[in-house]
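Have a look at coords-v4.txt; it's compact mmCIF, C-alpha atoms and all ligand atoms:
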```txt
# COMPACT_ATOMS: atom_id res chain seq x y z
CA MET A 24 -51.27 -69.43 -149.90
CA PRO A 25 -49.41 -66.26 -150.66
CA PHE A 26 -45.67 -66.14 -150.48
CA SER A 27 -43.13 -63.54 -151.42
CA GLY A 28 -43.14 -64.59 -155.06
CA SER A 29 -39.47 -63.84 -155.13
CA ALA A 30 -36.64 -66.01 -156.31
CA LEU A 31 -34.69 -64.50 -153.45
CA ASN A 32 -36.26 -66.64 -150.79
CA PRO A 33 -33.44 -68.61 -149.17
CA ASN A 34 -35.68 -71.63 -149.20
CA THR A 35 -35.36 -71.67 -152.96
CA PHE A 36 -32.08 -73.48 -152.58
CA GLY A 37 -31.35 -77.06 -151.75
CA ALA A 38 -28.29 -78.64 -150.23
CA PHE A 39 -26.57 -78.18 -153.52
CA GLY A 40 -23.30 -79.64 -154.60
CA THR A 41 -24.61 -83.13 -154.00
CA GLY A 42 -25.32 -84.18 -157.55
CA ALA A 43 -27.30 -87.41 -157.58
CA LYS A 44 -25.41 -88.76 -154.59
CA PRO A 45 -27.64 -88.87 -151.54
CA ILE A 46 -26.54 -86.76 -148.61
CA ILE A 47 -27.73 -88.03 -145.26
CA THR A 48 -28.04 -84.77 -143.44
CA GLY A 49 -28.78 -86.62 -140.22
CA LYS A 50 -31.07 -84.01 -138.76
CA ASP A 51 -34.21 -82.69 -140.27
CA SER A 52 -37.29 -80.86 -139.16
CA LEU A 53 -39.41 -83.71 -140.50
CA SER A 54 -38.41 -86.22 -137.89
CA GLY A 55 -36.23 -84.46 -135.36
CA CYS A 56 -33.57 -87.18 -135.77
CA ASP A 57 -30.24 -86.85 -134.01
CA THR A 58 -26.97 -86.64 -135.91
CA PRO A 59 -25.23 -90.00 -136.06
CA ASN A 60 -23.64 -89.57 -139.49
CA LEU A 61 -20.11 -88.45 -138.71
CA LEU A 62 -18.86 -89.87 -141.99
CA HIS A 63 -20.72 -87.13 -143.75
CA LEU A 64 -19.16 -84.28 -141.82
CA THR A 65 -16.99 -83.28 -144.74
CA GLU A 66 -19.99 -83.03 -147.00
CA LEU A 67 -21.83 -81.04 -144.36
CA TYR A 68 -18.94 -78.56 -144.09
CA CYS A 69 -18.97 -78.19 -147.85
CA ASN A 70 -22.66 -77.46 -147.66
CA ILE A 71 -22.09 -74.77 -145.04
CA ILE A 72 -19.59 -73.08 -147.34
CA PHE A 73 -21.94 -73.34 -150.31
CA HIS A 74 -24.80 -71.96 -148.23
CA SER A 75 -22.68 -69.00 -147.17
CA MET A 76 -22.06 -68.28 -150.85
CA LYS A 77 -25.77 -68.62 -151.45
CA ASP A 78 -26.55 -66.09 -148.70
CA ILE A 79 -24.12 -63.58 -150.22
CA ILE A 80 -25.76 -63.97 -153.61
CA ILE A 81 -29.21 -63.54 -152.06
CA LYS A 82 -28.04 -60.37 -150.31
CA MET A 83 -26.64 -59.06 -153.57
CA TYR A 84 -29.98 -59.79 -155.18
CA GLU A 85 -31.87 -57.83 -152.55
CA VAL A 86 -29.66 -54.82 -153.03
CA GLY A 87 -29.54 -55.41 -156.76
CA ASP A 88 -33.28 -55.09 -157.12
CA LYS A 89 -32.92 -51.36 -156.71
CA LEU A 90 -29.33 -50.51 -157.61
CA ILE A 91 -27.79 -53.04 -159.94
CA PRO A 92 -28.30 -52.80 -163.70
CA SER A 93 -30.52 -55.43 -165.28
CA ARG A 94 -27.54 -57.01 -167.09
CA VAL A 95 -25.89 -57.81 -163.75
CA LYS A 96 -29.18 -58.99 -162.29
CA LYS A 97 -29.49 -61.41 -165.18
CA LEU A 98 -26.02 -62.75 -164.46
CA LEU A 99 -26.86 -63.22 -160.76
CA ALA A 100 -30.05 -65.03 -161.74
CA GLN A 101 -27.94 -67.46 -163.73
CA TYR A 102 -25.76 -68.21 -160.70
CA GLU A 103 -28.84 -68.65 -158.59
CA TYR A 104 -30.29 -71.00 -161.19
CA LYS A 105 -27.15 -73.13 -161.24
CA LEU A 106 -27.16 -73.45 -157.45
CA ALA A 107 -30.88 -74.11 -157.15
CA CYS A 108 -30.65 -76.72 -159.87
CA LEU A 109 -28.94 -79.12 -157.51
CA PRO A 110 -31.63 -80.18 -155.08
CA GLY A 111 -30.51 -81.87 -151.90
CA ILE A 112 -31.41 -85.47 -151.26
CA TYR A 113 -32.55 -86.48 -147.80
CA HIS A 114 -32.55 -90.24 -147.40
CA ASP A 115 -32.09 -91.24 -143.79
CA ARG A 116 -32.25 -94.99 -143.35
CA ASN A 117 -33.25 -94.47 -139.71
CA VAL A 118 -36.57 -93.01 -140.73
CA HIS A 119 -37.03 -93.97 -144.38
CA PRO A 120 -37.20 -97.33 -146.14
CA ALA A 121 -33.53 -98.23 -146.72
CA LYS A 122 -33.99 -98.94 -150.42
CA GLY A 123 -36.57 -96.28 -151.06
CA LEU A 124 -39.77 -97.09 -152.94
CA SER A 125 -40.18 -99.71 -155.66
CA ARG A 126 -39.61 -96.84 -158.09
CA GLY A 127 -39.21 -93.09 -157.86
CA ALA A 128 -42.35 -91.03 -157.36
CA VAL A 129 -43.82 -87.58 -157.80
CA THR A 130 -46.53 -85.83 -155.81
CA ILE A 131 -48.30 -82.71 -157.03
CA SER A 132 -50.29 -80.64 -154.56
CA LEU A 133 -52.38 -77.60 -155.42
CA ASP A 134 -53.53 -74.97 -152.93
CA PHE A 135 -57.17 -74.44 -153.85
CA GLU A 136 -58.24 -71.39 -151.92
CA MET A 137 -59.41 -68.61 -154.24
CA ALA A 138 -59.88 -65.18 -152.60
CA TRP A 139 -59.36 -66.54 -149.08
CA ALA A 140 -55.60 -66.97 -149.37
CA TRP A 141 -54.72 -63.48 -150.43
CA GLN A 142 -56.73 -61.23 -148.09
CA TYR A 143 -53.84 -60.32 -145.81
CA ALA A 144 -50.85 -60.81 -148.12
CA LYS A 145 -48.18 -58.28 -147.20
CA ASN A 146 -45.29 -58.83 -149.60
CA ILE A 147 -47.22 -58.55 -152.82
CA LYS A 148 -49.94 -56.22 -153.96
CA VAL A 149 -52.82 -58.40 -154.93
CA ASP A 150 -56.48 -57.94 -155.73
CA PHE A 151 -57.75 -60.98 -153.90
CA ILE A 152 -61.11 -61.03 -155.67
CA ALA A 153 -59.39 -60.97 -159.07
CA LYS A 154 -57.05 -63.68 -157.88
CA GLY A 155 -59.99 -65.82 -156.79
CA LEU A 156 -61.72 -65.37 -160.13
CA GLN A 157 -58.52 -66.20 -161.99
CA GLU A 158 -58.29 -69.42 -160.00
CA ARG A 159 -61.91 -70.17 -160.81
CA GLU A 160 -61.09 -69.87 -164.51
CA GLN A 161 -57.97 -72.02 -164.35
CA VAL A 162 -58.96 -74.91 -162.09
CA PRO A 163 -60.99 -76.61 -164.88
CA LEU A 164 -58.09 -76.23 -167.29
CA ILE A 165 -55.59 -77.79 -164.90
CA LEU A 166 -58.04 -80.52 -163.94
CA SER A 167 -58.67 -81.39 -167.60
CA LYS A 168 -54.92 -81.82 -168.17
CA LEU A 169 -54.58 -84.00 -165.08
CA GLU A 170 -57.51 -86.04 -166.28
CA MET A 171 -56.21 -86.34 -169.84
CA LEU A 172 -52.88 -87.62 -168.52
CA ASN A 173 -54.49 -89.70 -165.76
CA ILE A 174 -52.46 -87.90 -163.09
CA PRO A 175 -53.81 -87.90 -159.54
CA ALA A 176 -53.04 -84.79 -157.49
CA THR A 177 -53.82 -83.46 -154.03
CA TRP A 178 -56.11 -80.45 -153.90
CA ALA A 179 -55.59 -78.63 -150.60
CA THR A 180 -59.03 -77.06 -150.40
CA VAL A 181 -60.24 -74.25 -148.15
CA GLY A 182 -63.41 -75.37 -146.33
CA HIS A 183 -65.43 -72.27 -147.17
CA LEU A 184 -65.25 -73.22 -150.85
CA PHE A 185 -67.55 -76.18 -150.15
CA LEU A 186 -70.37 -73.76 -149.29
CA ASP A 187 -72.73 -72.45 -151.93
CA ARG A 188 -73.79 -69.58 -149.68
CA CYS A 189 -73.46 -68.14 -146.19
CA SER A 190 -75.10 -65.29 -144.29
CA ARG A 191 -74.42 -62.93 -141.40
CA GLY A 192 -75.59 -63.81 -137.92
CA ALA A 193 -77.64 -61.54 -135.69
CA SER A 194 -74.39 -59.93 -134.52
CA GLY A 195 -73.68 -58.85 -138.09
CA LEU A 196 -70.61 -61.06 -138.24
CA ALA A 197 -69.87 -63.77 -140.77
CA HIS A 198 -69.67 -67.24 -139.24
CA HIS A 199 -70.34 -65.71 -135.84
CA ASP A 200 -70.27 -69.13 -134.19
CA LEU A 201 -66.58 -69.63 -134.98
CA PRO A 202 -63.83 -68.30 -132.68
CA ARG A 203 -61.63 -65.63 -134.26
CA ILE A 204 -57.89 -65.73 -134.72
CA PRO A 205 -56.37 -62.65 -133.04
CA PRO A 206 -54.33 -60.17 -135.13
CA PHE A 207 -50.92 -61.55 -136.10
CA GLU A 208 -48.10 -61.06 -138.55
CA ASN A 209 -45.92 -63.71 -140.16
CA LYS A 210 -43.53 -63.66 -143.08
CA ASP A 211 -46.30 -63.51 -145.68
CA TRP A 212 -49.34 -62.03 -143.96
CA LYS A 213 -50.25 -59.06 -141.84
CA PHE A 214 -53.64 -59.27 -140.16
CA ALA A 215 -53.41 -56.04 -138.23
CA SER A 216 -56.90 -55.52 -136.85
CA GLY A 217 -60.60 -56.16 -137.24
CA ASP A 218 -62.50 -59.35 -137.84
CA TRP A 219 -60.71 -62.18 -139.68
CA TYR A 220 -63.93 -62.67 -141.71
CA GLN A 221 -64.36 -58.99 -142.53
CA PHE A 222 -64.11 -59.57 -146.31
CA ASP A 223 -66.46 -62.57 -146.42
CA PRO A 224 -69.29 -61.31 -148.68
CA CYS A 225 -71.88 -63.51 -146.92
CA SER A 226 -73.76 -64.07 -150.14
CA SER A 227 -73.67 -66.96 -152.62
CA VAL A 228 -71.53 -68.59 -155.28
CA LYS A 229 -73.70 -66.89 -157.89
CA GLN A 230 -73.16 -63.41 -156.48
CA ASP A 231 -69.55 -63.76 -155.32
CA PRO A 232 -67.91 -66.65 -157.16
CA ALA A 233 -64.44 -65.83 -155.80
CA TRP A 234 -65.45 -67.01 -152.30
CA TYR A 235 -67.42 -70.22 -152.92
CA ALA A 236 -66.73 -73.13 -155.28
CA PRO A 237 -68.96 -76.19 -154.77
CA ASP A 238 -69.25 -76.49 -158.55
CA LEU A 239 -65.47 -76.80 -158.98
CA ILE A 240 -65.23 -79.26 -156.11
CA GLU A 241 -67.86 -81.42 -157.82
CA LYS A 242 -65.75 -81.35 -160.97
CA ILE A 243 -62.66 -82.49 -159.05
CA LEU A 244 -64.61 -85.23 -157.30
CA SER A 245 -66.14 -86.52 -160.50
CA SER A 246 -62.78 -86.84 -162.23
CA PRO A 247 -61.91 -90.50 -162.88
CA SER A 248 -58.20 -89.79 -162.37
CA GLY A 249 -58.17 -90.33 -158.59
CA GLN A 250 -57.85 -86.76 -157.32
CA GLU A 251 -57.44 -86.31 -153.57
CA ILE A 252 -59.10 -83.51 -151.58
CA ALA A 253 -57.05 -82.37 -148.60
CA CYS A 254 -58.11 -79.93 -145.89
CA HIS A 255 -56.58 -76.44 -146.05
CA GLY A 256 -58.42 -74.94 -143.07
CA PHE A 257 -61.90 -73.46 -143.22
CA SER A 258 -61.03 -69.80 -143.71
CA HIS A 259 -57.29 -70.08 -144.49
CA ALA A 260 -56.34 -68.79 -141.03
CA GLY A 261 -52.72 -69.62 -140.20
CA PHE A 262 -51.94 -72.52 -137.85
CA GLY A 263 -48.63 -71.08 -136.57
CA HIS A 264 -47.72 -70.32 -132.96
CA TYR A 265 -50.04 -67.28 -132.99
CA CYS A 266 -53.11 -69.46 -133.60
CA PRO A 267 -54.92 -70.47 -130.37
CA LYS A 268 -55.82 -74.13 -130.06
CA ASN A 269 -59.55 -73.49 -129.96
CA VAL A 270 -59.32 -71.58 -133.26
CA ALA A 271 -57.37 -74.39 -134.93
CA ARG A 272 -59.84 -76.97 -133.67
CA ALA A 273 -62.80 -74.89 -134.88
CA GLU A 274 -61.17 -74.39 -138.31
CA LEU A 275 -60.78 -78.15 -138.63
CA ASP A 276 -64.29 -78.93 -137.39
CA ALA A 277 -65.85 -76.42 -139.78
CA CYS A 278 -63.85 -77.83 -142.70
CA ILE A 279 -64.66 -81.43 -141.82
CA SER A 280 -68.34 -80.54 -141.57
CA ALA A 281 -68.34 -78.71 -144.93
CA MET A 282 -66.54 -81.62 -146.60
CA SER A 283 -68.84 -84.23 -145.10
CA ARG A 284 -71.73 -82.87 -147.14
CA PHE A 285 -69.76 -84.00 -150.20
CA GLY A 286 -69.03 -87.40 -148.69
CA ILE A 287 -65.36 -86.50 -148.16
CA LYS A 288 -63.40 -87.68 -145.18
CA THR A 289 -59.79 -86.78 -145.77
CA LYS A 290 -56.71 -87.64 -143.72
CA SER A 291 -54.49 -85.11 -145.51
CA PHE A 292 -53.89 -81.55 -144.38
CA VAL A 293 -51.96 -78.68 -145.90
CA PHE A 294 -51.12 -75.77 -143.61
CA PRO A 295 -52.59 -72.43 -144.75
CA GLY A 296 -49.70 -70.17 -145.62
CA ASN A 297 -47.47 -73.22 -145.07
CA ASP A 298 -47.26 -72.04 -141.48
CA GLU A 299 -46.95 -75.19 -139.39
CA GLY A 300 -48.37 -75.63 -135.90
CA ASN A 301 -51.25 -77.04 -133.84
CA PHE A 302 -50.23 -80.60 -134.65
CA GLU A 303 -52.11 -81.90 -131.60
CA ALA A 304 -55.37 -80.50 -132.94
CA LEU A 305 -54.73 -82.19 -136.29
CA ALA A 306 -54.04 -85.56 -134.68
CA GLU A 307 -57.07 -85.13 -132.43
CA LYS A 308 -59.34 -84.50 -135.44
CA GLY A 309 -58.16 -87.59 -137.29
CA PHE A 310 -55.65 -86.15 -139.76
CA GLN A 311 -52.66 -88.35 -140.54
CA TYR A 312 -50.72 -86.71 -143.36
CA VAL A 313 -49.44 -83.14 -143.40
CA ARG A 314 -47.51 -81.33 -146.08
CA SER A 315 -44.26 -80.13 -144.57
CA PHE A 316 -41.32 -77.96 -145.46
CA PRO A 317 -37.99 -79.51 -144.52
CA LYS A 318 -35.35 -77.20 -143.07
CA LYS A 319 -33.50 -77.37 -146.34
CA TYR A 320 -36.07 -76.85 -149.02
CA ALA A 321 -35.71 -78.46 -152.44
CA LYS A 322 -35.16 -81.94 -151.15
CA ILE A 323 -35.81 -85.22 -152.84
CA SER A 324 -37.01 -87.38 -149.98
CA LEU A 325 -39.86 -89.48 -148.58
CA PRO A 326 -42.55 -89.04 -145.92
CA VAL A 327 -41.41 -89.35 -142.34
CA ARG A 328 -43.52 -90.38 -139.38
CA ARG A 329 -43.17 -87.71 -136.71
CA LYS A 330 -42.01 -88.83 -133.29
CA ASP A 331 -44.01 -86.24 -131.37
CA ASN A 332 -47.54 -86.83 -132.62
CA GLY A 333 -47.50 -89.78 -135.04
CA LEU A 334 -48.49 -87.67 -138.04
CA TRP A 335 -46.74 -88.29 -141.33
CA SER A 336 -44.83 -85.33 -142.75
CA VAL A 337 -44.97 -85.36 -146.53
CA PRO A 338 -42.06 -83.14 -147.51
CA VAL A 339 -42.22 -80.57 -150.26
CA SER A 340 -39.38 -80.38 -152.78
CA THR A 341 -40.15 -77.14 -154.58
CA ALA A 342 -42.87 -74.75 -155.64
CA ILE A 343 -43.52 -74.64 -159.35
CA SER A 344 -43.41 -70.84 -159.13
CA ARG A 345 -39.80 -70.68 -157.92
CA GLY A 346 -37.34 -68.73 -160.02
CA ILE A 347 -39.21 -65.77 -161.40
CA ARG A 348 -35.99 -64.40 -162.89
CA TRP A 349 -35.21 -67.56 -164.81
CA THR A 350 -36.40 -68.34 -168.26
CA ARG A 351 -39.38 -70.66 -168.58
CA GLU A 352 -37.07 -73.24 -170.13
CA GLU A 353 -34.77 -73.11 -167.12
CA ARG A 354 -37.64 -73.49 -164.68
CA LEU A 355 -39.02 -76.46 -166.58
CA ALA A 356 -35.57 -78.04 -166.86
CA ARG A 357 -35.15 -77.73 -163.09
CA LEU A 358 -38.49 -79.44 -162.42
CA LYS A 359 -37.54 -82.25 -164.81
CA LEU A 360 -34.26 -82.66 -162.95
CA PHE A 361 -36.23 -83.13 -159.73
CA VAL A 362 -38.22 -85.91 -161.39
CA ASP A 363 -35.05 -87.52 -162.77
CA LEU A 364 -33.49 -87.50 -159.29
CA ALA A 365 -36.61 -89.05 -157.77
CA GLU A 366 -36.38 -91.77 -160.39
CA THR A 367 -32.68 -92.54 -159.88
CA THR A 368 -32.86 -92.47 -156.06
CA ARG A 369 -36.26 -94.22 -155.79
CA LEU A 370 -37.34 -91.38 -153.56
CA ALA A 371 -39.95 -88.71 -154.21
CA SER A 372 -40.19 -85.21 -155.56
CA HIS A 373 -43.14 -83.18 -154.29
CA VAL A 374 -44.06 -80.12 -156.30
CA TRP A 375 -46.73 -77.68 -155.16
CA LEU A 376 -48.49 -74.81 -156.88
CA HIS A 377 -51.25 -72.26 -156.84
CA PRO A 378 -53.90 -72.87 -159.53
CA SER A 379 -54.06 -69.07 -159.81
CA MET A 380 -50.53 -68.95 -161.22
CA PRO A 381 -50.19 -67.02 -164.51
CA LEU A 382 -51.84 -68.81 -167.41
CA SER A 383 -48.67 -68.60 -169.48
CA GLU A 384 -46.83 -70.53 -166.75
CA ILE A 385 -49.52 -73.20 -166.76
CA GLU A 386 -49.08 -73.56 -170.50
CA GLU A 387 -45.30 -73.33 -170.66
CA ILE A 388 -44.21 -74.96 -167.41
CA LEU A 389 -46.95 -76.91 -165.65
CA ILE A 390 -48.38 -78.78 -168.63
CA PRO A 391 -44.97 -79.78 -170.08
CA PHE A 392 -43.99 -80.89 -166.57
CA LEU A 393 -47.12 -83.04 -166.32
CA LEU A 394 -46.39 -84.54 -169.74
CA TYR A 395 -42.85 -85.35 -168.63
CA CYS A 396 -44.12 -87.12 -165.49
CA ALA A 397 -46.85 -89.00 -167.37
CA ASP A 398 -44.37 -90.22 -169.97
CA LYS A 399 -42.08 -91.65 -167.28
CA ARG A 400 -45.04 -93.18 -165.51
CA ASP A 401 -46.19 -94.79 -168.78
CA ARG A 402 -42.70 -96.21 -169.30
CA GLY A 403 -42.90 -97.82 -165.86
CA VAL A 404 -40.06 -95.87 -164.25
CA LEU A 405 -42.07 -93.47 -162.09
CA ASP A 406 -45.18 -93.42 -159.93
CA ILE A 407 -47.40 -90.39 -159.43
CA PHE A 408 -49.06 -90.36 -156.05
CA THR A 409 -51.36 -88.15 -154.04
CA MET A 410 -50.11 -87.27 -150.56
CA GLU A 411 -52.10 -90.11 -149.05
CA LYS A 412 -50.88 -92.67 -151.59
CA MET A 413 -47.30 -91.45 -151.13
CA VAL A 414 -47.47 -92.29 -147.44
CA GLN A 415 -49.10 -95.63 -148.19
CA ALA A 416 -46.33 -96.46 -150.70
CA THR A 417 -43.74 -95.60 -148.03
CA GLU A 418 -45.46 -97.84 -145.51
CA THR A 419 -45.57 -100.65 -148.10
CA ALA A 420 -41.83 -100.25 -148.70
CA PHE A 421 -41.22 -100.52 -144.94
CA ARG A 422 -43.34 -103.65 -144.74
CA LYS A 423 -41.47 -105.27 -147.65
CA GLU A 424 -38.13 -104.62 -145.96
CA THR A 425 -39.36 -106.06 -142.68
CA ALA A 426 -40.69 -109.13 -144.50
CA VAL A 427 -37.28 -109.70 -146.18
CA ILE A 428 -35.50 -109.52 -142.82
ZN ZN B 501 -53.04 -71.63 -148.98
ZN ZN B 502 -68.88 -67.19 -145.33
```

Kindly present the structure from the file in structure tokens form.
Ligand SMILES: [Zn+2]
Ligand SMILES: [Zn+2]
Amino acid sequence: MPFSGSALNPNTFGAFGTGAKPIITGKDSLSGCDTPNLLHLTELYCNIIFHSMKDIIIKMYEVGDKLIPSRVKKLLAQYEYKLACLPGIYHDRNVHPAKGLSRGAVTISLDFEMAWAWQYAKNIKVDFIAKGLQEREQVPLILSKLEMLNIPATWATVGHLFLDRCSRGASGLAHHDLPRIPPFENKDWKFASGDWYQFDPCSSVKQDPAWYAPDLIEKILSSPSGQEIACHGFSHAGFGHYCPKNVARAELDACISAMSRFGIKTKSFVFPGNDEGNFEALAEKGFQYVRSFPKKYAKISLPVRRKDNGLWSVPVSTAISRGIRWTREERLARLKLFVDLAETTRLASHVWLHPSMPLSEIEEILIPFLLYCADKRDRGVLDIFTMEKMVQATETAFRKETAVI
């Protein structure tokens, strides 16, 4: 899914200033809990002040992009790094196991989408075919590292990638039997007009390998390291408020059908463009776990069962691509800190990424991060779970607590 690619995104920051001490924020988009934690008011006020400072720095950044000399920009990046290095911790004993998991855990999810994700990106100039081909090159590399380190991950896969070919209907349209999402604009995409499928080449994996990937999916499935395939829509259409229910349902049906030919029946879903919505359709089609973005990004936390539809929200902590102005060492150090905090709190850190990220970042950030996680796992102080297993571990922790009582 495309995003601004900027370190300026306010979501980059956590509820900083917390150190390793859990803050019970009391209200979160994951569960819609009320706010019973008056004892934490002081901490909350401190957070408000810190967030105001954060907003000022972000504003300065935006202006600074054009006006401020690079030396000053570097200095601002350092302040941003220091603030973003203190991820918030959301551990609400009303909705989470009181003692957390048996040990801290990490989840890694990858948005496997190739050309589909970048067709209507508005904040970055991108050649979506080139991006798809880059992803095609890099998926085997990432998979081989996961396999070598025996790390299971969740691959949020666009349904069209399961096809080895497709063709135009009599109307001349691609996938003419599927309802179309109307034009919309959100923070990352602008689909101004035309047919959502207008760029679909309607050919084959051989002719247009940026749009189909059954060969790569076979590789992921044949890995002995327990990889999970999650649904990421059929055509990467957004699921936000602008998406009619019949379109969401059709996206899910088409994806489920394409996956079934590979023997896959997944319960995990990752929103295209991370744009959340149409939860009823997801529940109706049998999905149980959805990747979610808490109101305050960069949180160490655990899955929460939603009150409104029974789905489990599996919260994201950070994107591996955050912090484009920081050095690679700083970015890696931050990710390691997330893992350390998951370990000490017995909660989870959930890191997500695009397999099409720059190769140098795979080599200098992702692989060292995977090594760091694997080493902790091998020393028995950390678990590495797919989204599905993370929810199951949370349910197990709940059951253990109930049994003790
Ligand atoms: Zn995506
Ligand atoms: Zn097609």

**Message:** How would you report the residues lying within 10 Å of ligand ZN 501 (chain B), as a VMD selection string, if you count only C-alpha atoms and all ligand atoms?
**Reply:** chain A and resid 24 to 26 133 to 137 139 to 141 179 to 181 255 to 256 258 to 261 293 to 298 376 to 377

**Message:** Within 9 Å of ligand ZN 502 (chain B) (counting only C-alpha atoms and all ligand atoms), which residues show up? I'd like them as a PyMOL selection string.
**Reply:** chain A and resi 183-184+186+188-191+197-198+220+223-227+234-235+258

**Message:** If I take atom CA of A:Lys290 and atom CA of A:Lys412, how far is one from the other in Å, to one decimal?
**Reply:**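 Calculated distance between atom CA of A:Lys290 and atom CA of A:Lys412 is 11.0 Å.
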
**Request:** Grab the atom CA of A:Asp238 to atom CA of A:Phe151 distance for me, in Å with one decimal place.
**Result:**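 Distance between the two atoms: 19.9 Å.
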
Dump as a JSON list (two decimals) with C-alpha atoms, keeping the file's coordinate frame all residues having an atom at most 10 Å from (-34.3, -92.0, -158.7), computed in the file's coordinates with only C-alpha atoms.
```
[["chain", "number", "residue", "atom", "x", "y", "z"],
["A", 43, "ALA", "CA", -27.30, -87.41, -157.58],
["A", 123, "GLY", "CA", -36.57, -96.28, -151.06],
["A", 124, "LEU", "CA", -39.77, -97.09, -152.94],
["A", 126, "ARG", "CA", -39.61, -96.84, -158.09],
["A", 127, "GLY", "CA", -39.21, -93.09, -157.86],
["A", 128, "ALA", "CA", -42.35, -91.03, -157.36],
["A", 323, "ILE", "CA", -35.81, -85.22, -152.84],
["A", 361, "PHE", "CA", -36.23, -83.13, -159.73],
["A", 362, "VAL", "CA", -38.22, -85.91, -161.39],
["A", 363, "ASP", "CA", -35.05, -87.52, -162.77],
["A", 364, "LEU", "CA", -33.49, -87.50, -159.29],
["A", 365, "ALA", "CA", -36.61, -89.05, -157.77],
["A", 366, "GLU", "CA", -36.38, -91.77, -160.39],
["A", 367, "THR", "CA", -32.68, -92.54, -159.88],
["A", 368, "THR", "CA", -32.86, -92.47, -156.06],
["A", 369, "ARG", "CA", -36.26, -94.22, -155.79],
["A", 370, "LEU", "CA", -37.34, -91.38, -153.56],
["A", 371, "ALA", "CA", -39.95, -88.71, -154.21],
["A", 372, "SER", "CA", -40.19, -85.21, -155.56],
["A", 404, "VAL", "CA", -40.06, -95.87, -164.25],
["A", 405, "LEU", "CA", -42.07, -93.47, -162.09]]
```

**Asked** Between A:Lys308, A:Lys322, A:Ile204, A:Phe185, which has the minimum distance to A:Ile287 (counting only C-alpha atoms)?
**Response**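 Residue with the minimum atom-to-atom distance to A:Ile287: A:Phe185.
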
**Request:** Identify which of the residues A:Trp178, A:Val339, A:Ala233, A:Pro391 lies closest to A:Lys154, counting all atoms listed in the file when measuring atom-to-atom distances.
**Result:** A:Ala233

**Using all atoms listed in the file: which of A:Gly249, A:Pro378, A:Pro120, A:Pro317 has the shortest distance to A:Asn173** = A:Gly249

**Message:** Using all atoms listed in the file, can you tell me which of A:Leu90, A:Ala273, A:Ile252, A:Met380 comes closest to A:Thr289?
**Reply:** A:Ile252

**Near-A:Phe292 list (7 Å; all atoms listed in the file; drop same-chain fewer than 4 positions) as a count of residues only** = 7

**Message:** Could you check the closest approach to A:Ser324 for each of A:Ser291, A:Ser344, A:Thr417, A:Thr177 and tell me which residue wins, using only C-alpha atoms?
**Reply:** A:Thr417

**Counting all atoms listed in the file, the residue of A:Trp375, A:Trp335, A:Tyr320, A:Tyr265 that sits nearest A:Asn301** =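 Of A:Trp375, A:Trp335, A:Tyr320, A:Tyr265, the one nearest A:Asn301, counting all atoms listed in the file, is A:Tyr265.
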